[in-house]
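Coordinates as given in my_file.txt (compact mmCIF, C-alpha atoms):
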# COMPACT_ATOMS: atom_id res chain seq x y z
CA MET A 217 39.26 127.93 251.22
CA PRO A 218 36.59 127.07 253.82
CA MET A 219 33.72 129.52 254.01
CA ILE A 220 34.83 132.57 256.01
CA SER A 221 32.65 135.62 256.51
CA VAL A 222 32.65 139.09 257.93
CA ALA A 223 29.91 139.01 260.54
CA GLY A 224 29.79 142.75 261.17
CA PHE A 225 31.54 146.09 260.85
CA GLY A 226 31.82 149.06 263.21
CA HIS A 227 33.64 152.37 263.44
CA HIS A 228 34.18 155.33 265.69
CA VAL A 229 35.66 158.75 265.09
CA PRO A 230 36.31 161.39 267.76
CA GLU A 231 34.10 164.46 268.05
CA GLY A 232 36.95 166.95 267.66
CA VAL A 233 37.25 168.53 264.22
CA LEU A 234 40.38 170.04 262.68
CA SER A 235 39.13 172.30 259.91
CA ASN A 236 40.85 173.34 256.72
CA ALA A 237 40.50 176.93 257.89
CA ALA A 238 42.70 176.23 260.91
CA LEU A 239 45.38 174.64 258.73
CA GLU A 240 45.14 177.41 256.13
CA ALA A 241 45.80 179.92 258.91
CA GLU A 242 48.68 177.91 260.38
CA PHE A 243 50.53 177.39 257.09
CA GLY A 244 49.39 180.48 255.19
CA LEU A 245 47.56 178.46 252.55
CA GLU A 246 45.17 179.72 249.92
CA PRO A 247 41.56 178.68 250.61
CA GLY A 248 40.75 175.79 248.30
CA TRP A 249 44.31 174.51 248.05
CA ILE A 250 43.82 171.64 250.54
CA PRO A 251 40.73 170.22 248.79
CA SER A 252 42.41 170.60 245.40
CA VAL A 253 45.42 168.50 246.37
CA SER A 254 43.67 166.02 248.64
CA GLY A 255 39.88 166.25 248.54
CA ILE A 256 39.86 166.70 252.32
CA LEU A 257 37.56 169.26 253.93
CA ARG A 258 38.05 168.39 257.60
CA ARG A 259 39.49 165.66 259.78
CA ARG A 260 38.68 164.34 263.24
CA CYS A 261 41.09 164.47 266.16
CA ILE A 262 41.02 163.27 269.74
CA SER A 263 40.52 165.68 272.61
CA GLU A 264 42.38 165.84 275.92
CA GLY A 265 41.77 162.68 277.91
CA GLU A 266 40.67 160.71 274.87
CA THR A 267 42.95 157.87 273.78
CA ILE A 268 43.47 155.52 270.86
CA LEU A 269 42.13 152.76 273.10
CA ASP A 270 38.85 154.66 273.44
CA LEU A 271 38.55 154.81 269.65
CA ALA A 272 39.50 151.16 269.17
CA HIS A 273 37.14 149.98 271.89
CA ALA A 274 34.17 151.94 270.56
CA ALA A 275 34.75 150.62 267.03
CA ALA A 276 35.12 147.08 268.38
CA GLN A 277 31.87 147.37 270.28
CA GLY A 278 30.16 148.57 267.13
CA ALA A 279 31.44 145.60 265.13
CA LEU A 280 30.46 143.13 267.84
CA ALA A 281 26.97 144.64 268.03
CA ASP A 282 26.64 144.51 264.23
CA ALA A 283 27.69 140.86 264.36
CA GLY A 284 25.27 140.14 267.20
CA MET A 285 28.12 138.71 269.20
CA GLU A 286 29.44 139.05 272.74
CA ALA A 287 33.18 139.58 273.22
CA ASP A 288 33.51 136.31 275.15
CA ARG A 289 32.96 134.40 271.89
CA LEU A 290 36.07 135.89 270.29
CA GLY A 291 38.94 133.59 269.39
CA ALA A 292 41.57 136.25 268.65
CA ILE A 293 42.13 140.01 268.47
CA LEU A 294 44.18 141.69 265.73
CA VAL A 295 44.88 145.41 265.70
CA GLY A 296 46.32 147.28 262.74
CA THR A 297 47.94 150.50 263.89
CA GLY A 298 50.95 152.65 263.15
CA THR A 299 50.38 154.78 266.24
CA PRO A 300 50.34 152.38 269.21
CA PRO A 301 50.51 153.89 272.71
CA ARG A 302 53.97 152.42 273.28
CA GLN A 303 56.50 150.13 271.61
CA PHE A 304 55.05 147.13 273.44
CA PRO A 305 52.74 145.65 274.56
CA GLY A 306 50.58 146.64 271.64
CA LEU A 307 47.23 148.34 271.52
CA SER A 308 45.79 144.84 271.16
CA ALA A 309 46.77 144.10 274.78
CA ASP A 310 44.96 147.21 276.04
CA LEU A 311 41.91 146.34 273.98
CA GLN A 312 41.91 142.75 275.17
CA GLN A 313 41.99 143.95 278.75
CA ARG A 314 39.16 146.42 278.25
CA LEU A 315 37.05 143.79 276.51
CA GLY A 316 37.78 141.34 279.34
CA VAL A 317 38.61 138.39 277.10
CA GLN A 318 41.81 136.67 278.19
CA ASN A 319 43.68 133.58 277.00
CA ILE A 320 43.20 134.25 273.31
CA PRO A 321 45.90 135.52 270.96
CA ALA A 322 46.02 139.29 270.61
CA PHE A 323 48.61 141.16 268.60
CA ASP A 324 49.29 144.28 266.56
CA ILE A 325 50.15 144.59 262.89
CA HIS A 326 52.37 147.60 262.16
CA LEU A 327 51.93 148.47 258.51
CA ALA A 328 50.45 151.95 258.77
CA SER A 329 47.75 152.50 256.15
CA VAL A 330 47.42 148.89 255.13
CA GLY A 331 47.46 147.52 258.71
CA GLY A 332 43.69 147.19 258.99
CA LEU A 333 43.38 145.37 255.70
CA PHE A 334 46.30 143.06 256.48
CA ALA A 335 44.68 142.29 259.84
CA MET A 336 41.51 141.28 257.99
CA GLY A 337 43.52 139.07 255.64
CA VAL A 338 45.38 137.38 258.49
CA ALA A 339 42.10 136.92 260.37
CA VAL A 340 40.73 134.96 257.43
CA ASP A 341 43.49 132.40 257.93
CA LEU A 342 43.33 132.45 261.74
CA CYS A 343 39.62 132.06 262.29
CA PRO A 344 39.23 128.40 261.22
CA ARG A 345 41.64 127.53 264.04
CA TYR A 346 40.73 130.09 266.72
CA GLY A 347 37.16 131.07 265.99
CA PRO A 348 35.81 134.59 265.39
CA VAL A 349 38.56 137.19 265.13
CA LEU A 350 38.04 140.81 266.12
CA VAL A 351 39.91 143.02 263.67
CA VAL A 352 40.51 146.67 264.54
CA GLY A 353 42.29 149.43 262.67
CA ALA A 354 42.94 152.41 264.93
CA GLU A 355 45.07 155.52 264.62
CA VAL A 356 45.81 158.74 266.41
CA MET A 357 47.66 160.39 263.59
CA SER A 358 47.25 163.80 265.25
CA ALA A 359 49.92 162.79 267.79
CA VAL A 360 52.36 162.05 264.97
CA MET A 361 51.48 165.23 263.12
CA ALA A 362 52.19 167.22 266.31
CA ARG A 363 55.86 166.22 266.19
CA PRO A 364 58.02 169.11 264.93
CA PRO A 365 58.65 170.25 262.33
CA ARG A 366 55.04 170.31 261.15
CA VAL A 367 54.86 170.50 257.37
CA LYS A 368 51.77 171.24 255.34
CA GLU A 369 52.25 168.27 253.01
CA THR A 370 51.42 165.80 255.78
CA ALA A 371 49.61 167.93 258.36
CA ILE A 372 46.68 168.50 256.00
CA LEU A 373 46.17 164.81 255.28
CA PHE A 374 45.74 162.83 258.44
CA GLY A 375 42.98 162.31 260.97
CA ASP A 376 42.15 160.08 263.94
CA GLY A 377 39.65 157.24 264.02
CA ALA A 378 39.02 153.52 264.30
CA GLY A 379 37.23 150.87 262.30
CA ALA A 380 36.57 147.24 263.13
CA CYS A 381 35.04 144.02 261.95
CA VAL A 382 34.50 140.46 263.09
CA VAL A 383 35.81 137.74 260.77
CA GLY A 384 34.63 134.22 261.48
CA PRO A 385 34.15 130.76 260.03
CA GLY A 386 30.88 129.90 258.31
CA PRO A 387 28.25 132.04 256.61
CA GLY A 388 27.72 135.68 257.55
CA LYS A 389 26.87 139.11 256.21
CA PHE A 390 29.79 139.16 253.76
CA GLU A 391 31.46 136.00 252.55
CA VAL A 392 35.21 136.36 252.02
CA VAL A 393 35.75 135.20 248.44
CA ASP A 394 39.49 135.86 248.22
CA VAL A 395 42.40 137.70 249.82
CA ARG A 396 45.67 138.97 248.34
CA LEU A 397 48.41 140.43 250.57
CA ARG A 398 51.76 141.63 249.21
CA SER A 399 54.92 143.37 250.46
CA ASP A 400 57.93 144.66 248.53
CA SER A 401 60.63 146.27 250.66
CA THR A 402 62.60 147.73 247.75
CA LEU A 403 61.22 151.20 248.44
CA ALA A 404 60.37 150.74 252.12
CA SER A 405 62.34 153.81 253.19
CA GLU A 406 60.06 156.12 251.17
CA LEU A 407 57.40 155.85 253.90
CA ARG A 408 58.61 155.52 257.45
CA LEU A 409 58.03 156.64 261.01
CA ASP A 410 61.02 156.49 263.31
CA PHE A 411 60.80 156.69 267.10
CA ALA A 412 59.70 160.16 268.21
CA ALA A 413 60.39 161.52 264.71
CA PRO A 414 57.99 163.20 262.30
CA LEU A 415 56.46 161.13 259.52
CA SER A 416 58.84 160.74 256.60
CA MET A 417 56.91 160.33 253.37
CA ASN A 418 58.08 160.77 249.81
CA GLY A 419 54.63 161.63 248.53
CA ARG A 420 55.50 161.29 244.85
CA ALA A 421 57.02 157.84 245.33
CA VAL A 422 54.13 156.65 247.48
CA ILE A 423 51.56 157.90 244.98
CA LEU A 424 53.34 156.24 242.05
CA GLN A 425 53.62 152.94 243.86
CA ALA A 426 50.14 153.01 245.38
CA ASN A 427 48.54 153.76 242.05
CA ARG A 428 50.26 150.89 240.28
CA LYS A 429 49.98 148.38 243.14
CA LEU A 430 46.32 149.05 243.89
CA GLN A 431 45.37 148.57 240.27
CA GLY A 432 47.43 145.40 240.08
CA VAL A 433 46.00 143.75 243.16
CA ILE A 434 42.43 144.58 242.19
CA LEU A 435 42.86 143.09 238.73
CA GLU A 436 44.58 140.06 240.25
CA LEU A 437 41.73 139.54 242.71
CA LEU A 438 39.06 139.87 240.06
CA SER A 439 40.68 137.84 237.29
CA GLY A 440 41.55 135.11 239.79
CA ASN A 441 37.87 134.74 240.50
CA GLY A 442 36.53 135.02 236.98
CA LEU A 443 35.21 138.54 237.55
CA GLY A 444 35.64 141.91 235.90
CA VAL A 445 35.43 145.45 237.23
CA ALA A 446 31.81 145.66 236.06
CA ASP A 447 30.91 142.74 238.35
CA VAL A 448 31.81 144.71 241.48
CA GLU A 449 29.12 146.86 243.01
CA ARG A 450 31.33 148.81 245.38
CA PHE A 451 35.01 149.61 245.81
CA LEU A 452 36.22 150.48 249.29
CA PHE A 453 39.73 151.90 249.13
CA HIS A 454 42.10 153.17 251.77
CA GLN A 455 41.07 156.82 251.91
CA ALA A 456 44.49 158.29 251.18
CA ASN A 457 43.82 161.11 248.77
CA LEU A 458 40.86 161.85 246.51
CA ASN A 459 43.11 162.39 243.50
CA LEU A 460 44.63 158.94 243.96
CA LEU A 461 41.21 157.30 244.32
CA LYS A 462 40.05 159.06 241.15
CA GLN A 463 43.14 158.05 239.22
CA VAL A 464 42.86 154.39 240.23
CA GLY A 465 39.15 154.42 239.46
CA GLN A 466 39.61 156.04 236.06
CA SER A 467 42.48 153.73 235.10
CA LEU A 468 40.37 150.68 235.90
CA LYS A 469 37.28 152.26 234.29
CA ILE A 470 35.29 152.00 237.51
CA PRO A 471 32.09 154.07 237.43
CA GLU A 472 32.66 156.95 239.85
CA GLU A 473 29.56 156.16 241.90
CA ARG A 474 30.97 152.72 242.76
CA VAL A 475 34.01 154.15 244.54
CA PHE A 476 33.05 155.06 248.09
CA VAL A 477 34.65 158.23 249.41
CA ASN A 478 34.48 159.64 252.93
CA LEU A 479 37.90 161.22 253.25
CA GLN A 480 36.38 164.66 252.85
CA ASP A 481 35.11 164.32 256.42
CA TYR A 482 37.80 162.22 258.10
CA GLY A 483 41.00 162.76 256.15
CA ASN A 484 43.44 159.88 255.88
CA THR A 485 43.01 157.75 259.01
CA SER A 486 45.72 155.31 257.94
CA ALA A 487 45.09 151.75 259.20
CA ALA A 488 41.55 152.65 260.22
CA SER A 489 40.39 154.11 256.93
CA VAL A 490 39.36 151.07 254.91
CA LEU A 491 37.47 149.66 257.90
CA ILE A 492 35.76 152.98 258.59
CA ALA A 493 34.86 153.17 254.89
CA ALA A 494 33.44 149.64 254.93
CA SER A 495 31.45 150.21 258.10
CA GLU A 496 30.02 153.53 256.99
CA SER A 497 29.36 152.57 253.38
CA LEU A 498 27.74 149.22 254.02
CA ARG A 499 25.55 150.62 256.78
CA ARG A 500 24.54 153.68 254.78
CA ALA A 501 23.73 151.72 251.61
CA PRO A 502 23.45 147.95 252.13
CA LEU A 503 24.37 145.72 249.20
CA ARG A 504 21.93 143.37 247.50
CA PRO A 505 22.57 139.69 248.27
CA GLY A 506 25.27 138.28 246.01
CA ALA A 507 26.80 141.67 245.21
CA HIS A 508 30.58 141.83 245.20
CA VAL A 509 32.65 144.41 247.03
CA VAL A 510 36.39 144.99 246.83
CA LEU A 511 38.50 146.41 249.66
CA ALA A 512 42.02 147.56 248.79
CA ALA A 513 44.75 149.42 250.63
CA PHE A 514 48.39 150.42 250.42
CA GLY A 515 50.80 151.20 253.23
CA ALA A 516 54.20 150.86 254.85
CA GLY A 517 56.65 148.19 253.90
CA MET A 518 55.71 148.91 251.17
CA SER A 519 52.72 146.62 251.51
CA TRP A 520 49.38 146.41 249.79
CA GLY A 521 46.47 144.07 249.43
CA GLY A 522 42.88 143.46 248.54
CA LEU A 523 39.88 141.49 249.73
CA LEU A 524 36.97 140.35 247.64
CA LEU A 525 33.71 140.00 249.56
CA ARG A 526 30.25 138.86 248.49
CA ALA A 527 27.13 140.03 250.30
CA GLY A 528 25.32 137.18 251.98
CA GLY A 529 21.59 136.44 252.10
CA SER A 530 19.15 135.04 249.53
CA ARG A 531 19.62 136.18 245.91
CA MET B 88 59.90 162.52 216.38
CA SER B 89 62.67 162.38 219.00
CA VAL B 90 62.05 160.91 222.43
CA GLU B 91 62.36 164.39 223.94
CA GLU B 92 59.72 165.73 221.56
CA THR B 93 57.46 162.79 222.39
CA ILE B 94 57.90 163.55 226.10
CA ARG B 95 57.07 167.23 225.64
CA GLN B 96 53.99 166.36 223.64
CA ALA B 97 52.83 163.74 226.13
CA MET B 98 53.41 166.11 229.04
CA ALA B 99 51.31 168.96 227.71
CA PRO B 100 47.88 167.70 228.94
CA PHE B 101 49.22 167.14 232.48
CA ALA B 102 51.41 170.22 232.88
CA ASN B 103 50.38 172.67 235.61
CA ASN B 104 52.91 175.29 234.47
CA PRO B 105 54.75 176.03 231.21
CA ILE B 106 57.04 173.18 230.15
CA PRO B 107 60.64 174.49 230.43
CA GLU B 108 62.87 174.77 227.39
CA ASP B 109 65.81 173.60 229.51
CA PRO B 110 65.64 169.79 229.53
CA HIS B 111 67.63 169.74 232.77
CA ALA B 112 65.19 171.93 234.74
CA SER B 113 63.33 170.23 237.59
CA LEU B 114 59.73 169.61 236.62
CA PHE B 115 58.87 169.25 240.29
CA GLU B 116 60.48 172.47 241.52
CA LEU B 117 58.87 174.42 238.66
CA GLY B 118 55.49 172.91 239.54
CA VAL B 119 55.09 171.57 236.01
CA ILE B 120 54.17 168.04 237.06
CA ASP B 121 52.70 166.88 240.35
CA SER B 122 52.52 163.31 241.69
CA PHE B 123 49.36 162.51 239.81
CA GLY B 124 50.46 164.16 236.59
CA LEU B 125 53.67 162.15 236.72
CA MET B 126 51.70 158.92 236.85
CA ASP B 127 49.56 160.04 233.92
CA LEU B 128 52.66 161.10 232.00
CA LEU B 129 54.39 157.77 232.53
CA ASN B 130 51.27 155.90 231.44
CA ALA B 131 51.15 158.00 228.28
CA LEU B 132 54.83 157.48 227.55
CA GLU B 133 54.58 153.73 228.10
CA GLU B 134 51.86 153.70 225.48
CA ALA B 135 53.58 156.07 223.06
CA LEU B 136 57.05 154.53 223.29
CA GLY B 137 56.07 150.91 223.80
CA VAL B 138 58.17 150.66 226.94
CA HIS B 139 57.02 149.26 230.26
CA VAL B 140 58.29 150.96 233.42
CA PRO B 141 58.56 148.24 236.10
CA ASP B 142 57.32 149.06 239.58
CA ALA B 143 60.86 149.07 240.99
CA ASP B 144 61.74 151.92 238.62
CA LEU B 145 58.78 154.06 239.66
CA VAL B 146 60.97 156.43 241.64
CA PRO B 147 60.32 160.16 241.12
CA LYS B 148 63.97 161.21 240.92
CA ARG B 149 64.34 159.16 237.76
CA PHE B 150 61.76 161.37 236.11
CA GLU B 151 62.54 164.79 237.57
CA THR B 152 63.66 166.42 234.32
CA ILE B 153 62.87 165.96 230.65
CA SER B 154 66.46 164.89 230.15
CA LYS B 155 66.20 162.18 232.82
CA ILE B 156 62.91 160.93 231.43
CA ALA B 157 64.43 160.75 227.94
CA ASP B 158 67.50 158.94 229.27
CA TYR B 159 65.30 156.44 231.05
CA PHE B 160 63.14 155.61 228.09
CA GLU B 161 66.11 155.53 225.70
CA SER B 162 68.45 153.50 227.89
CA ASN B 163 66.68 151.71 230.71
CA GLY B 164 63.38 150.69 229.28
CA LYS B 165 62.58 147.14 228.48
CA PRO B 166 60.38 146.00 225.64
CA LYS B 167 56.73 146.07 226.70
CA SER B 168 55.54 142.51 227.26
What is this file in structure tokens?
Amino acid sequence: MPMISVAGFGHHVPEGVLSNAALEAEFGLEPGWIPSVSGILRRRCISEGETILDLAHAAAQGALADAGMEADRLGAILVGTGTPPRQFPGLSADLQQRLGVQNIPAFDIHLASVGGLFAMGVAVDLCPRYGPVLVVGAEVMSAVMARPPRVKETAILFGDGAGACVVGPGPGKFEVVDVRLRSDSTLASELRLDFAAPLSMNGRAVILQANRKLQGVILELLSGNGLGVADVERFLFHQANLNLLKQVGQSLKIPEERVFVNLQDYGNTSAASVLIAASESLRRAPLRPGAHVVLAAFGAGMSWGGLLLRAGGSR
Amino acid sequence: MSVEETIRQAMAPFANNPIPEDPHASLFELGVIDSFGLMDLLNALEEALGVHVPDADLVPKRFETISKIADYFESNGKPKS
């Protein structure tokens, strides 16, 4: 694989906060129940007049600034989202228009929680041909959660937000060492969102599959590159549920401090979450040059995948 | 030890409520096992019974009762590779 790197990350979450207290009141829940089953303390949600495009654009601008790049250098735009503003054209078309960069490919990837990671993986293969690829994961899950009937099992989990990165050929802040993307449609119906319908999620099935698949793809990524869990400085997972992150971490014997967690503040932001986690984590605590980081996510399809990155710079 | 006894023993550390005597009672409806406990239980049973549960079989309804779990591990399991 030619050298491909992530040149920069960015993210944006709306100001609006949906607290656990509000959900406890709505569903008659015991205080403490939501954190015990999910680890979530609050989630962000858009306000009136705010759109998914606003979130995506702000995250994109952050990634471009972190990469030190103007939008007119982009060769393609990929958007992972399960909550586009319409069936088509995708959110990518709106974002392309707002960025003012025409005549480059721009398209959406609809895989819910793994959409952002899949977009990164596809960007790795696209960028040698097209040049730097803007990858965005953006969701307004609050609009989906508003569809009746609201049920506590999903309403407590999801939040709005966007994350982004720029993937390009050549050296950069984080070299892409390897990518693994997988889909298995055998159990696809266990996680689905039909037109204008509420989210349909068999939580037990999703948890069982996510747990097994995430562990598998991480081990596959590491063993394929002659590495072990101990060689990875940080694990950035799709922020689905704290109990799932803990279970995957414990099964793989990952030291707890190496698993980044921010879902307590944002909830599950679906396609955006792994990109928000990467942006926030790597900005808050930069990695030493040469350090490895693993990104992994699971979503609709059912689909899952992982990326292995190595921090650039002199060792 | 029978498979059912092995299941009851393996379930004990992950049970949120008393394990029912009735092997046909729903472990989910009784709140005995949640999603995460089910994963832990299956891992423990794979180890104890030397049977690998393939990903395609990781469907909760297969493991909703002690009876169903026993049936699965007695009839549908494949030797662990």
Considering only C-alpha atoms, tabulate each residue of chain B that lies at most 6 Å from chain A along with its nearest interatomic pair and the corresponding distance in Å to one decimal; arrange the rows by chain and ascending residue number and present them as a tab-separated table.
residue	atom	partner	partner_atom	distance
B:Ser122	CA	A:Arg420	CA	4.8
B:Val146	CA	A:Ala421	CA	5.6
B:Pro147	CA	A:Ala421	CA	5.8
For atom CA of Glu472 of chain A and atom CA of Val445 of chain A, the interatomic separation in Å (one decimal) =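 Straight-line distance from atom CA of Glu472 of chain A to atom CA of Val445 of chain A works out to 12.1 Å.
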remark   = With distances taken over only C-alpha atoms, the candidate from B:Leu136, B:Phe115, B:Leu129, B:Pro107 nearest Met88 of chain B is B:Leu136
inquiry  = Between atom CA of Gln318 of chain A and atom CA of Ala287 of chain A, what distance in Å does the model show, to one decimal?
reply    =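 Answer for the atom CA of Gln318 of chain A to atom CA of Ala287 of chain A separation: 10.4 Å.
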query = Could you state the separation of atom CA of Ser486 of chain A and atom CA of Glu264 of chain A in Å, given to one decimal place?
reply =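 Between these atoms lies a distance of 21.1 Å.
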inquiry  = List as a count of residues only the protein and nucleic acid residues near Ile268 of chain A, meaning an atom at most 9 Å away when all atoms listed in the file are counted, but skip any in the same chain fewer than 6 places from it.
reply    = 11
message = For a quick check of understanding, using all atoms listed in the file, which of B:Ala143, B:Gly124, B:Ser162, B:Arg149 has the smallest distance to Ala97 of chain B?
response =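 Nearest to Ala97 of chain B: B:Gly124.
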key: Nearest-residue call for Pro141 of chain B, choices B:Glu116, B:Tyr159, B:Val90, B:Asn104, using all atoms listed in the file   =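 Closest to Pro141 of chain B of all the choices is B:Tyr159.
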task = Identify, on the basis of only C-alpha atoms, every residue whose closest approach to segment 391-393 of chain A does not exceed 10 Å; exclude the query and any residue fewer than 3 positions from it along the same chain; express the result as a VMD selection string.
result = chain A and resid 217 to 223 336 to 337 340 383 to 388 437 441 506 508 to 510 523 to 529
Just the residues within 9 Å of Glu240 of chain A, please, counting all atoms listed in the file, with nothing from its chain fewer than 6 positions along; format it as a tab-separated table (two decimals) with C-alpha atoms, in the coordinates of the input.
chain	number	residue	atom	x	y	z
A	246	GLU	CA	45.17	179.72	249.92
A	247	PRO	CA	41.56	178.68	250.61
A	249	TRP	CA	44.31	174.51	248.05
A	250	ILE	CA	43.82	171.64	250.54
